[in-house]
Each structure stands twice: as structure tokens, then as C-alpha cells.
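Engineer: Here you go, my_file22.cif (mmCIF, C-alpha atoms):
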data_structure
loop_
_atom_site.group_PDB
_atom_site.id
_atom_site.type_symbol
_atom_site.label_atom_id
_atom_site.label_comp_id
_atom_site.auth_asym_id
_atom_site.auth_seq_id
_atom_site.Cartn_x
_atom_site.Cartn_y
_atom_site.Cartn_z
ATOM 1 C CA ASP C 1 31.699 25.703 99.553
ATOM 2 C CA ASN C 2 30.614 27.835 96.609
ATOM 3 C CA ARG C 3 28.975 30.666 98.526
ATOM 4 C CA LEU C 4 29.957 34.196 97.615
ATOM 5 C CA GLN C 5 31.387 36.374 100.365
ATOM 6 C CA VAL C 6 30.509 40.062 100.026
ATOM 7 C CA CYS C 7 31.554 43.038 102.141
ATOM 8 C CA PHE C 8 29.185 45.997 102.469
ATOM 9 C CA PHE C 9 30.358 49.373 103.750
ATOM 10 C CA SER C 10 28.079 52.081 105.075
ATOM 11 C CA ALA C 11 28.495 55.373 106.902
ATOM 12 C CA THR C 12 25.081 54.752 108.458
ATOM 13 C CA LEU C 13 25.534 51.208 109.655
ATOM 14 C CA GLN C 14 23.067 51.516 112.525
ATOM 15 C CA SER C 15 20.221 53.089 110.550
ATOM 16 C CA PRO C 16 16.933 51.144 110.253
ATOM 17 C CA ALA C 17 17.187 51.148 106.453
ATOM 18 C CA ILE C 18 20.578 49.413 106.498
ATOM 19 C CA THR C 19 19.426 46.949 109.135
ATOM 20 C CA GLU C 20 16.381 46.004 107.075
ATOM 21 C CA LEU C 21 18.451 45.748 103.897
ATOM 22 C CA SER C 22 20.856 43.353 105.565
ATOM 23 C CA LYS C 23 18.001 41.085 106.586
ATOM 24 C CA ASN C 24 16.782 40.876 102.998
ATOM 25 C CA ILE C 25 20.040 40.235 101.154
ATOM 26 C CA CYS C 26 22.402 38.706 103.722
ATOM 27 C CA SER C 27 22.637 35.302 105.342
ATOM 28 C CA ARG C 28 24.005 35.379 108.892
ATOM 29 C CA PRO C 29 26.080 38.553 108.318
ATOM 30 C CA THR C 30 28.971 39.527 110.558
ATOM 31 C CA TRP C 31 28.764 43.163 111.647
ATOM 32 C CA VAL C 32 31.919 45.215 112.109
ATOM 33 C CA ASP C 33 31.115 48.604 113.651
ATOM 34 C CA LEU C 34 34.240 50.738 113.928
ATOM 35 C CA LYS C 35 32.788 53.593 115.947
ATOM 36 C CA GLY C 36 29.254 52.883 117.096
ATOM 37 C CA VAL C 37 25.954 54.654 116.662
ATOM 38 C CA ASP C 38 26.696 57.513 119.048
ATOM 39 C CA ALA C 39 30.290 58.200 118.026
ATOM 40 C CA VAL C 40 31.106 61.879 117.574
ATOM 41 C CA PRO C 41 34.519 62.797 116.127
ATOM 42 C CA ASP C 42 36.707 64.328 118.813
ATOM 43 C CA THR C 43 38.365 66.492 116.157
ATOM 44 C CA VAL C 44 35.157 68.508 115.678
ATOM 45 C CA HIS C 45 34.207 71.316 118.036
ATOM 46 C CA HIS C 46 30.532 72.336 118.155
ATOM 47 C CA VAL C 47 29.126 75.783 118.889
ATOM 48 C CA ALA C 48 25.683 77.342 118.540
ATOM 49 C CA TYR C 49 24.510 80.891 117.984
ATOM 50 C CA ARG C 50 20.977 81.191 119.336
ATOM 51 C CA VAL C 51 19.012 83.875 117.477
ATOM 52 C CA ASN C 52 16.966 86.181 119.696
ATOM 53 C CA LEU C 53 14.629 88.262 117.553
ATOM 54 C CA ALA C 54 14.204 91.010 120.140
ATOM 55 C CA ARG C 55 17.976 91.466 120.196
ATOM 56 C CA ASP C 56 18.959 90.602 116.634
ATOM 57 C CA LYS C 57 16.186 92.055 114.476
ATOM 58 C CA ARG C 58 18.206 95.255 114.172
ATOM 59 C CA LEU C 59 20.598 93.316 111.938
ATOM 60 C CA VAL C 60 18.112 93.281 109.075
ATOM 61 C CA GLN C 61 17.976 97.060 108.922
ATOM 62 C CA SER C 62 19.890 98.611 106.044
ATOM 63 C CA LYS C 63 21.442 101.125 108.440
ATOM 64 C CA ASN C 64 22.166 100.524 112.102
ATOM 65 C CA LYS C 65 21.236 103.665 114.017
ATOM 66 C CA GLU C 66 23.728 102.859 116.765
ATOM 67 C CA ASP C 67 26.906 102.577 114.734
ATOM 68 C CA GLY C 68 25.834 103.814 111.309
ATOM 69 C CA ALA C 69 27.019 100.625 109.644
ATOM 70 C CA LYS C 70 25.412 99.944 106.299
ATOM 71 C CA ARG C 71 24.215 96.402 105.784
ATOM 72 C CA THR C 72 23.229 94.479 102.685
ATOM 73 C CA PRO C 73 19.474 93.809 102.934
ATOM 74 C CA SER C 74 18.572 90.194 103.503
ATOM 75 C CA ILE C 75 17.234 88.416 100.431
ATOM 76 C CA ILE C 76 14.162 86.279 100.998
ATOM 77 C CA ASP C 77 12.337 85.236 97.832
ATOM 78 C CA ASP C 78 8.951 84.180 99.151
ATOM 79 C CA ALA C 79 6.713 85.436 96.354
ATOM 80 C CA SER C 80 5.685 81.898 95.423
ATOM 81 C CA ILE C 81 4.779 80.897 98.985
ATOM 82 C CA PRO C 82 1.152 81.742 99.878
ATOM 83 C CA GLY C 83 0.695 83.294 103.261
ATOM 84 C CA ALA C 84 4.393 83.467 104.043
ATOM 85 C CA LYS C 85 3.916 86.794 105.822
ATOM 86 C CA ASP C 86 0.357 86.386 107.091
ATOM 87 C CA GLY C 87 0.026 86.117 110.851
ATOM 88 C CA SER C 88 2.478 86.748 113.661
ATOM 89 C CA GLU C 89 4.105 83.294 113.609
ATOM 90 C CA ASP C 90 4.759 83.466 109.865
ATOM 91 C CA ALA C 91 6.038 87.027 110.162
ATOM 92 C CA ASP C 92 8.488 85.959 112.867
ATOM 93 C CA SER C 93 9.585 83.027 110.689
ATOM 94 C CA THR C 94 10.329 85.391 107.795
ATOM 95 C CA LEU C 95 12.218 87.737 110.106
ATOM 96 C CA LEU C 96 14.170 84.801 111.502
ATOM 97 C CA LYS C 97 15.311 83.815 108.014
ATOM 98 C CA GLN C 98 16.429 87.387 107.364
ATOM 99 C CA VAL C 99 18.284 87.635 110.673
ATOM 100 C CA LYS C 100 20.076 84.342 110.056
ATOM 101 C CA GLN C 101 21.597 85.692 106.845
ATOM 102 C CA GLN C 102 22.999 88.687 108.725
ATOM 103 C CA VAL C 103 24.266 86.481 111.550
ATOM 104 C CA LEU C 104 26.041 84.341 108.955
ATOM 105 C CA LEU C 105 27.871 87.415 107.638
ATOM 106 C CA GLY C 106 29.001 88.256 111.146
ATOM 107 C CA ILE C 107 30.341 84.737 111.650
ATOM 108 C CA ILE C 108 32.164 84.741 108.307
ATOM 109 C CA ASP C 109 33.791 88.076 109.101
ATOM 110 C CA ALA C 110 34.644 87.191 112.707
ATOM 111 C CA PHE C 111 36.538 84.051 111.677
ATOM 112 C CA GLU C 112 37.851 85.564 108.431
ATOM 113 C CA MET C 113 36.718 82.415 106.662
ATOM 114 C CA THR C 114 38.245 81.475 103.365
ATOM 115 C CA GLN C 115 36.586 78.050 103.031
ATOM 116 C CA CYS C 116 33.346 76.780 104.533
ATOM 117 C CA MET C 117 30.420 74.490 103.704
ATOM 118 C CA ILE C 118 27.035 76.015 104.557
ATOM 119 C CA PHE C 119 24.098 73.636 104.924
ATOM 120 C CA CYS C 120 20.530 74.784 104.302
ATOM 121 C CA ARG C 121 17.330 72.811 104.593
ATOM 122 C CA THR C 122 15.836 73.257 101.123
ATOM 123 C CA ASN C 123 16.795 74.234 97.585
ATOM 124 C CA LEU C 124 14.938 77.519 98.005
ATOM 125 C CA ASP C 125 16.956 78.366 101.107
ATOM 126 C CA CYS C 126 20.128 77.686 99.110
ATOM 127 C CA ASP C 127 18.979 79.971 96.289
ATOM 128 C CA ASN C 128 18.140 82.774 98.720
ATOM 129 C CA LEU C 129 21.484 82.525 100.476
ATOM 130 C CA GLU C 130 23.391 82.425 97.187
ATOM 131 C CA LYS C 131 21.683 85.631 96.043
ATOM 132 C CA PHE C 132 22.430 87.266 99.390
ATOM 133 C CA LEU C 133 26.149 86.436 99.435
ATOM 134 C CA VAL C 134 26.542 87.354 95.768
ATOM 135 C CA THR C 135 24.886 90.724 96.388
ATOM 136 C CA HIS C 136 27.001 91.340 99.481
ATOM 137 C CA GLY C 137 30.149 90.420 97.575
ATOM 138 C CA GLY C 138 29.531 92.924 94.825
ATOM 139 C CA GLY C 139 27.080 91.145 92.568
ATOM 140 C CA GLN C 140 29.493 88.840 90.724
ATOM 141 C CA ARG C 141 27.878 85.406 90.563
ATOM 142 C CA PHE C 142 30.043 82.328 89.987
ATOM 143 C CA ASN C 143 30.239 81.897 86.220
ATOM 144 C CA GLY C 144 31.309 78.273 86.150
ATOM 145 C CA SER C 145 34.922 78.981 85.259
ATOM 146 C CA LEU C 146 37.520 76.992 87.184
ATOM 147 C CA GLU C 147 40.475 79.031 85.923
ATOM 148 C CA SER C 148 39.541 82.575 86.894
ATOM 149 C CA GLY C 149 40.908 82.381 90.462
ATOM 150 C CA PRO C 150 39.170 83.465 93.668
ATOM 151 C CA GLN C 151 36.361 85.869 92.826
ATOM 152 C CA SER C 152 35.369 87.760 95.986
ATOM 153 C CA LYS C 153 35.393 87.606 99.772
ATOM 154 C CA TYR C 154 31.915 86.064 99.727
ATOM 155 C CA SER C 155 32.176 84.055 96.516
ATOM 156 C CA CYS C 156 29.913 81.024 96.558
ATOM 157 C CA CYS C 157 28.184 78.352 94.531
ATOM 158 C CA VAL C 158 25.420 75.828 95.217
ATOM 159 C CA LEU C 159 25.392 72.048 95.399
ATOM 160 C CA ALA C 160 21.763 70.987 95.777
ATOM 161 C CA GLY C 161 19.232 68.574 94.367
ATOM 162 C CA MET C 162 17.627 70.964 91.873
ATOM 163 C CA ARG C 163 20.952 71.739 90.201
ATOM 164 C CA SER C 164 22.079 69.537 87.344
ATOM 165 C CA MET C 165 24.750 66.921 87.828
ATOM 166 C CA ASP C 166 27.174 68.971 85.749
ATOM 167 C CA ASP C 167 26.459 72.065 87.851
ATOM 168 C CA ARG C 168 27.076 70.088 91.030
ATOM 169 C CA ARG C 169 30.348 68.686 89.700
ATOM 170 C CA VAL C 170 31.615 72.123 88.685
ATOM 171 C CA ALA C 171 30.500 73.666 91.978
ATOM 172 C CA LEU C 172 32.336 71.058 94.032
ATOM 173 C CA GLN C 173 35.500 71.397 91.974
ATOM 174 C CA ALA C 174 35.377 75.189 92.250
ATOM 175 C CA PHE C 175 35.058 74.908 96.015
ATOM 176 C CA LYS C 176 37.839 72.346 96.382
ATOM 177 C CA SER C 177 40.219 74.357 94.220
ATOM 178 C CA GLY C 178 39.510 77.626 96.037
ATOM 179 C CA VAL C 179 37.856 79.425 93.141
ATOM 180 C CA VAL C 180 34.915 80.075 95.485
ATOM 181 C CA ARG C 181 35.056 80.265 99.263
ATOM 182 C CA PHE C 182 31.628 78.973 100.218
ATOM 183 C CA LEU C 183 29.709 75.898 99.128
ATOM 184 C CA ILE C 184 26.002 76.309 99.889
ATOM 185 C CA CYS C 185 24.330 72.919 99.971
ATOM 186 C CA THR C 186 21.496 70.703 101.071
ATOM 187 C CA ASP C 187 21.950 67.256 102.591
ATOM 188 C CA VAL C 188 22.782 65.945 99.121
ATOM 189 C CA ALA C 189 26.329 67.077 99.999
ATOM 190 C CA ALA C 190 26.328 65.668 103.523
ATOM 191 C CA ARG C 191 27.747 62.300 102.494
ATOM 192 C CA GLY C 192 30.602 61.096 100.354
ATOM 193 C CA ILE C 193 32.337 64.446 99.870
ATOM 194 C CA ASP C 194 35.911 64.854 101.041
ATOM 195 C CA VAL C 195 37.453 68.320 101.068
ATOM 196 C CA ARG C 196 40.934 68.033 102.525
ATOM 197 C CA GLY C 197 41.533 70.198 105.578
ATOM 198 C CA LEU C 198 38.108 71.876 105.502
ATOM 199 C CA PRO C 199 38.109 74.033 108.669
ATOM 200 C CA TYR C 200 34.477 75.151 108.968
ATOM 201 C CA MET C 201 30.925 74.051 108.339
ATOM 202 C CA ILE C 202 27.795 76.019 109.225
ATOM 203 C CA ASN C 203 24.242 74.790 109.696
ATOM 204 C CA MET C 204 21.765 77.510 108.749
ATOM 205 C CA THR C 205 19.067 75.089 109.900
ATOM 206 C CA LEU C 206 19.496 71.911 111.901
ATOM 207 C CA PRO C 207 18.228 68.634 110.436
ATOM 208 C CA ASP C 208 15.295 66.874 112.053
ATOM 209 C CA GLU C 209 17.264 63.783 113.042
ATOM 210 C CA PRO C 210 20.713 63.247 114.631
ATOM 211 C CA GLU C 211 21.971 61.085 111.755
ATOM 212 C CA PRO C 212 22.036 63.844 109.080
ATOM 213 C CA TYR C 213 23.773 66.100 111.592
ATOM 214 C CA MET C 214 26.489 63.500 112.038
ATOM 215 C CA HIS C 215 26.969 63.329 108.281
ATOM 216 C CA ARG C 216 27.142 67.113 107.930
ATOM 217 C CA ILE C 217 29.759 67.582 110.626
ATOM 218 C CA GLY C 218 31.694 64.700 109.111
ATOM 219 C CA ARG C 219 32.820 67.088 106.356
ATOM 220 C CA VAL C 220 35.215 68.712 108.872
ATOM 221 C CA GLY C 221 37.633 67.159 111.331
ATOM 222 C CA ARG C 222 38.759 64.558 108.802
ATOM 223 C CA ALA C 223 42.108 62.742 108.770
ATOM 224 C CA GLY C 224 43.084 64.145 112.146
ATOM 225 C CA ALA C 225 42.542 67.801 111.212
ATOM 226 C CA MET C 226 40.517 70.003 113.570
ATOM 227 C CA GLY C 227 37.174 71.385 112.439
ATOM 228 C CA LEU C 228 34.521 73.746 113.767
ATOM 229 C CA ALA C 229 30.790 73.077 113.339
ATOM 230 C CA ILE C 230 28.713 76.233 113.823
ATOM 231 C CA ASN C 231 24.940 76.012 114.249
ATOM 232 C CA ILE C 232 22.635 78.994 113.825
ATOM 233 C CA VAL C 233 19.523 78.090 115.773
ATOM 234 C CA ALA C 234 16.329 79.824 116.817
ATOM 235 C CA GLU C 235 15.437 80.724 120.364
ATOM 236 C CA GLU C 236 13.033 78.454 122.206
ATOM 237 C CA ASN C 237 9.392 78.507 121.052
ATOM 238 C CA LEU C 238 10.278 80.176 117.742
ATOM 239 C CA ARG C 239 9.431 78.083 114.694
ATOM 240 C CA GLU C 240 10.951 78.529 111.276
ATOM 241 C CA ARG C 241 8.633 77.818 108.372
ATOM 242 C CA VAL C 242 10.003 75.347 105.816
ATOM 243 C CA TRP C 243 9.873 76.927 102.351
ATOM 244 C CA TYR C 244 10.016 74.875 99.183
ATOM 245 C CA HIS C 245 9.994 75.728 95.507
ATOM 246 C CA ARG C 246 6.523 75.583 94.008
ATOM 247 C CA CYS C 247 7.160 73.809 90.713
ATOM 248 C CA SER C 248 4.668 73.567 87.872
#
For this file, produce the structure as C-alpha cells.
Structural biologist:
Amino acid sequence: DNRLQVCFFSATLQSPAITELSKNICSRPTWVDLKGVDAVPDTVHHVAYRVNLARDKRLVQSKNKEDGAKRTPSIIDDASIPGAKDGSEDADSTLLKQVKQQVLLGIIDAFEMTQCMIFCRTNLDCDNLEKFLVTHGGGQRFNGSLESGPQSKYSCCVLAGMRSMDDRRVALQAFKSGVVRFLICTDVAARGIDVRGLPYMINMTLPDEPEPYMHRIGRVGRAGAMGLAINIVAEENLRERVWYHRCS
């Protein structure tokens, strides 16, 4: 008669971690699964751009010989990564990272995006992409001010694990309020963030498991609004090296 009734809520109800946790702390729990493990929101449309290096490597050139269009060079800071350009597979991986940045610009321009979350795999990938968009937008990096108004067509800030909690809070607020157009983030931003009416999200790299993908795309298509999830993926048999910060 004196037992305590507790309700637990999880966005990952079917995950092994939650299942194991329930066994340890619950006695004969009742499970209420609103959607199911394989539920995909019908308000989200999914598309993929498959990078073909033979076709797309021209994008990393500063000047396209065919149309004379000047491009901002891709920014890949790999100085701290031993052997990042040694060997054909590593060289292709570096080129792939450079091409993806140029493909992202093309997508942003094609959709005339004014608000989008961009997911990267690591903190280093986020840093590289931030530098690239800032350079392409004229070199004005987000200064942390929430009252200066929209800064540039490619204005961006980062929400990732190696940024301080204050930096993350300011970055999210700047994105929600429209001070910056693009929020570059790792999976730390894949859960628990609600940006009303967010129309686009882009995966620069896909996660290893389906569950993080479900969380990422859950940032769009919320509350009945339509959303577009765009995935920039590599062609078959092309591997992208995972680059991390090398911290002392």
C-alpha cells in the first residue's frame, strides 16, 4: 500500500541501456510505447547527396575552369593528425572532407536556407566547418552578442562537447533567435533541443547506428511542421577517416 509509483520518460525507450536500467530500478514496470522502435516521423522527408570524387573533386578548386566561378577554399585543419595525407585511402578521405564542405555550400544556396542545424561527427569537424563558413561569409565570426541582429548569409556558431556550457547556451539562443543562420553541432545537440519550425537539418556524416540518426532528424518535422533531412554521404567503397582533436 505504501509503494511509490514513478513514471519514467525516454526518447530512446527501446535502447538496451534503458531496458537494462529498468530491470535494475523497477519492479514489474508497465511499458507505454507511443510510437515503437522503428517509427519515423512522416513529417520529415529524407534525401541524400552521394559524393563522387571523380565528378565532384573540381569543387575544391579555387577557380572552376568551366564556368570561372571563384570558390572559397575548403578548410581542413589536419596538422595535428599524423599521416592524415599519407597513402591513397587517406588522401581520398581528406579530399572527401574538402568536397563535402563545397557540396554543403551548394545545398545552402540552392535552398536559400536561413535556418539549419548541421551535424558533424567530431568536435574537430565542427571547428573546420565553422572556419569554412565564416571565411566564406566574409570572415566575421559570431562574437557572442545576441542583440546585433543577423550577421551574414553564412553566419554560424557551434554547439559541441568541447565548448563550455555558457558557449553552448549562447550559441543555441543565437540560433533560435535568428542572430545566426546555422548551428554546427555534434550529437550533443541531437536530443532535447526544440527549435520551433526548424525547416532543415543536414548530416555532414551519418552516425554509426540508426538511433542517433532518429534523434538528429527529430529536430525537424516537429509539432506537425514539415522538415527536410539532407544527408551528404560518400560513394560506395570510399571511407572517411574520423579525425579527433589531439589534446595534451
Engineer: Excluding Asp56 of chain C and its own-chain neighbours fewer than 5 positions away, which residues fall within 9 Å of it when counting all atoms listed in the file? Please give them as a PyMOL selection string.
Structural biologist: chain C and resi 51+99+103
Engineer: Tell me which residues the PyMOL selection byres ((chain C and resi 48) around 12) grabs here, as a PyMOL selection string.
Structural biologist: chain C and resi 45-47+49-51+103-104+107+201-206+228-235
Engineer: For the contact check between segment 169-209 of chain C and segment 108-119 of chain C, emit one row per residue of segment 169-209 of chain C within 10 Å, containing the shortest atom pair and the distance in Å rounded to one decimal, counting all atoms listed in the file, chain then rising number order, as JSON lines.
Structural biologist:
{"residue": "C:Phe175", "atom": "CA", "partner": "C:Gln115", "partner_atom": "CA", "distance": 7.8}
{"residue": "C:Lys176", "atom": "CA", "partner": "C:Gln115", "partner_atom": "CA", "distance": 8.8}
{"residue": "C:Gly178", "atom": "CA", "partner": "C:Gln115", "partner_atom": "CA", "distance": 7.6}
{"residue": "C:Val180", "atom": "CA", "partner": "C:Gln115", "partner_atom": "CA", "distance": 8.0}
{"residue": "C:Arg181", "atom": "CA", "partner": "C:Gln115", "partner_atom": "CA", "distance": 4.6}
{"residue": "C:Phe182", "atom": "CA", "partner": "C:Cys116", "partner_atom": "CA", "distance": 5.1}
{"residue": "C:Leu183", "atom": "CA", "partner": "C:Met117", "partner_atom": "CA", "distance": 4.8}
{"residue": "C:Ile184", "atom": "CA", "partner": "C:Ile118", "partner_atom": "CA", "distance": 4.8}
{"residue": "C:Cys185", "atom": "CA", "partner": "C:Phe119", "partner_atom": "CA", "distance": 5.0}
{"residue": "C:Thr186", "atom": "CA", "partner": "C:Phe119", "partner_atom": "CA", "distance": 5.5}
{"residue": "C:Asp187", "atom": "CA", "partner": "C:Phe119", "partner_atom": "CA", "distance": 7.1}
{"residue": "C:Val188", "atom": "CA", "partner": "C:Phe119", "partner_atom": "CA", "distance": 9.7}
{"residue": "C:Ala189", "atom": "CA", "partner": "C:Phe119", "partner_atom": "CA", "distance": 8.5}
{"residue": "C:Ala190", "atom": "CA", "partner": "C:Phe119", "partner_atom": "CA", "distance": 8.4}
{"residue": "C:Val195", "atom": "CA", "partner": "C:Met117", "partner_atom": "CA", "distance": 9.7}
{"residue": "C:Gly197", "atom": "CA", "partner": "C:Gln115", "partner_atom": "CA", "distance": 9.6}
{"residue": "C:Leu198", "atom": "CA", "partner": "C:Gln115", "partner_atom": "CA", "distance": 6.8}
{"residue": "C:Pro199", "atom": "CA", "partner": "C:Cys116", "partner_atom": "CA", "distance": 6.9}
{"residue": "C:Tyr200", "atom": "CA", "partner": "C:Cys116", "partner_atom": "CA", "distance": 4.9}
{"residue": "C:Met201", "atom": "CA", "partner": "C:Met117", "partner_atom": "CA", "distance": 4.7}
{"residue": "C:Ile202", "atom": "CA", "partner": "C:Ile118", "partner_atom": "CA", "distance": 4.7}
{"residue": "C:Asn203", "atom": "CA", "partner": "C:Phe119", "partner_atom": "CA", "distance": 4.9}
{"residue": "C:Met204", "atom": "CA", "partner": "C:Phe119", "partner_atom": "CA", "distance": 5.9}
{"residue": "C:Thr205", "atom": "CA", "partner": "C:Phe119", "partner_atom": "CA", "distance": 7.2}
{"residue": "C:Leu206", "atom": "CA", "partner": "C:Phe119", "partner_atom": "CA", "distance": 8.5}
{"residue": "C:Pro207", "atom": "CA", "partner": "C:Phe119", "partner_atom": "CA", "distance": 9.5}
Engineer: Using only C-alpha atoms for the distances, tell me which of C:Asn128, C:Ser155, C:Gln5, C:Gln98 is nearest to Arg141 of chain C.
Structural biologist: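 Distance minimum relative to Arg141 of chain C lands on C:Ser155.
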Engineer: Please report the interatomic distance between atom CA of Val170 of chain C and atom CA of Ile217 of chain C in Å with one decimal.
Structural biologist: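 Going from atom CA of Val170 of chain C over to atom CA of Ile217 of chain C, I get 22.5 Å.
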Engineer: Can you tell me how far atom CA of Asn24 of chain C sits from atom CA of Arg191 of chain C, in Å to one decimal?
Structural biologist: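 These atoms are spaced 24.1 Å apart.
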Engineer: Closest to Gly218 of chain C among C:Val40, C:Val134, C:Leu34, C:Ile25, using only C-alpha atoms?
Structural biologist: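 Smallest distance to Gly218 of chain C is found for C:Val40.
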Engineer: One number please: atom CA of Ala91 of chain C to atom CA of Pro212 of chain C, in Å, one decimal.
Structural biologist: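 It comes out at 28.2 Å.
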Engineer: Which one is closest to Leu4 of chain C: C:Ser27, C:Asn237, C:Ser93, C:Thr72? Count only C-alpha atoms.
Structural biologist: C:Ser27
Engineer: List the spatial neighbours of Asp194 of chain C as a ChimeraX atom specification - criterion: any atom at most 9 Å away, only C-alpha atoms, same-chain residues fewer than 5 positions off excluded.
Structural biologist: /C:219-220,222
Engineer: Go ahead and find all residues with at least one atom no further than 9 Å from (39.4, 66.2, 118.1) in the file's coordinates, using all atoms listed in the file; report them as a list in words.
Structural biologist: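 Counting all atoms listed in the file, I find these residues within 9 Å of (39.4, 66.2, 118.1): Pro41, Asp42, Thr43, Val44, His45, Gly221, Gly224, Ala225, Met226 and Gly227 of chain C.
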Engineer: So which one's closest to Arg169 of chain C, C:Tyr213, C:Asp92, C:Gly144, C:Tyr154? Using only C-alpha atoms, please.
Structural biologist: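 The closest residue to Arg169 of chain C is C:Gly144.
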Engineer: Considering all atoms listed in the file, can you say which of C:Ser22, C:Asn52, C:Asn123, C:Thr135 comes closest to Ile75 of chain C?
Structural biologist: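 Using all atoms listed in the file, Ile75 of chain C sits closest to C:Thr135.
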Engineer: Write out as JSON an axis-aligned box for segment 173-176 of chain C: all of its atoms listed in the file, 8 Å added on each side, centre and edge lengths in Å with one decimal.
Structural biologist:
{"center_x": 36.4, "center_y": 73.3, "center_z": 94.2, "size_x": 18.8, "size_y": 19.8, "size_z": 20.4}
Engineer: Using the chain letters and numbering of this document, enumerate as a count of residues only the residues selected by the PyMOL selection byres ((chain C and resi 8) around 10).
Structural biologist: 8
Engineer: Evaluated on this file, the PyMOL selection byres ((chain C and resi 139) around 12) picks out some residues - which ones are they, written as an mmCIF file with C-alpha atoms, in the coordinates of the input?
Structural biologist:
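What ended up in result_2.cif:
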data_model
loop_
_atom_site.group_PDB
_atom_site.id
_atom_site.type_symbol
_atom_site.label_atom_id
_atom_site.label_comp_id
_atom_site.auth_asym_id
_atom_site.auth_seq_id
_atom_site.Cartn_x
_atom_site.Cartn_y
_atom_site.Cartn_z
ATOM 1 C CA THR C 72 23.229 94.479 102.685
ATOM 2 C CA GLU C 130 23.391 82.425 97.187
ATOM 3 C CA LYS C 131 21.683 85.631 96.043
ATOM 4 C CA PHE C 132 22.430 87.266 99.390
ATOM 5 C CA LEU C 133 26.149 86.436 99.435
ATOM 6 C CA VAL C 134 26.542 87.354 95.768
ATOM 7 C CA THR C 135 24.886 90.724 96.388
ATOM 8 C CA HIS C 136 27.001 91.340 99.481
ATOM 9 C CA GLY C 137 30.149 90.420 97.575
ATOM 10 C CA GLY C 138 29.531 92.924 94.825
ATOM 11 C CA GLN C 140 29.493 88.840 90.724
ATOM 12 C CA ARG C 141 27.878 85.406 90.563
ATOM 13 C CA PHE C 142 30.043 82.328 89.987
ATOM 14 C CA ASN C 143 30.239 81.897 86.220
ATOM 15 C CA GLN C 151 36.361 85.869 92.826
ATOM 16 C CA SER C 152 35.369 87.760 95.986
ATOM 17 C CA LYS C 153 35.393 87.606 99.772
ATOM 18 C CA TYR C 154 31.915 86.064 99.727
ATOM 19 C CA SER C 155 32.176 84.055 96.516
ATOM 20 C CA CYS C 156 29.913 81.024 96.558
#
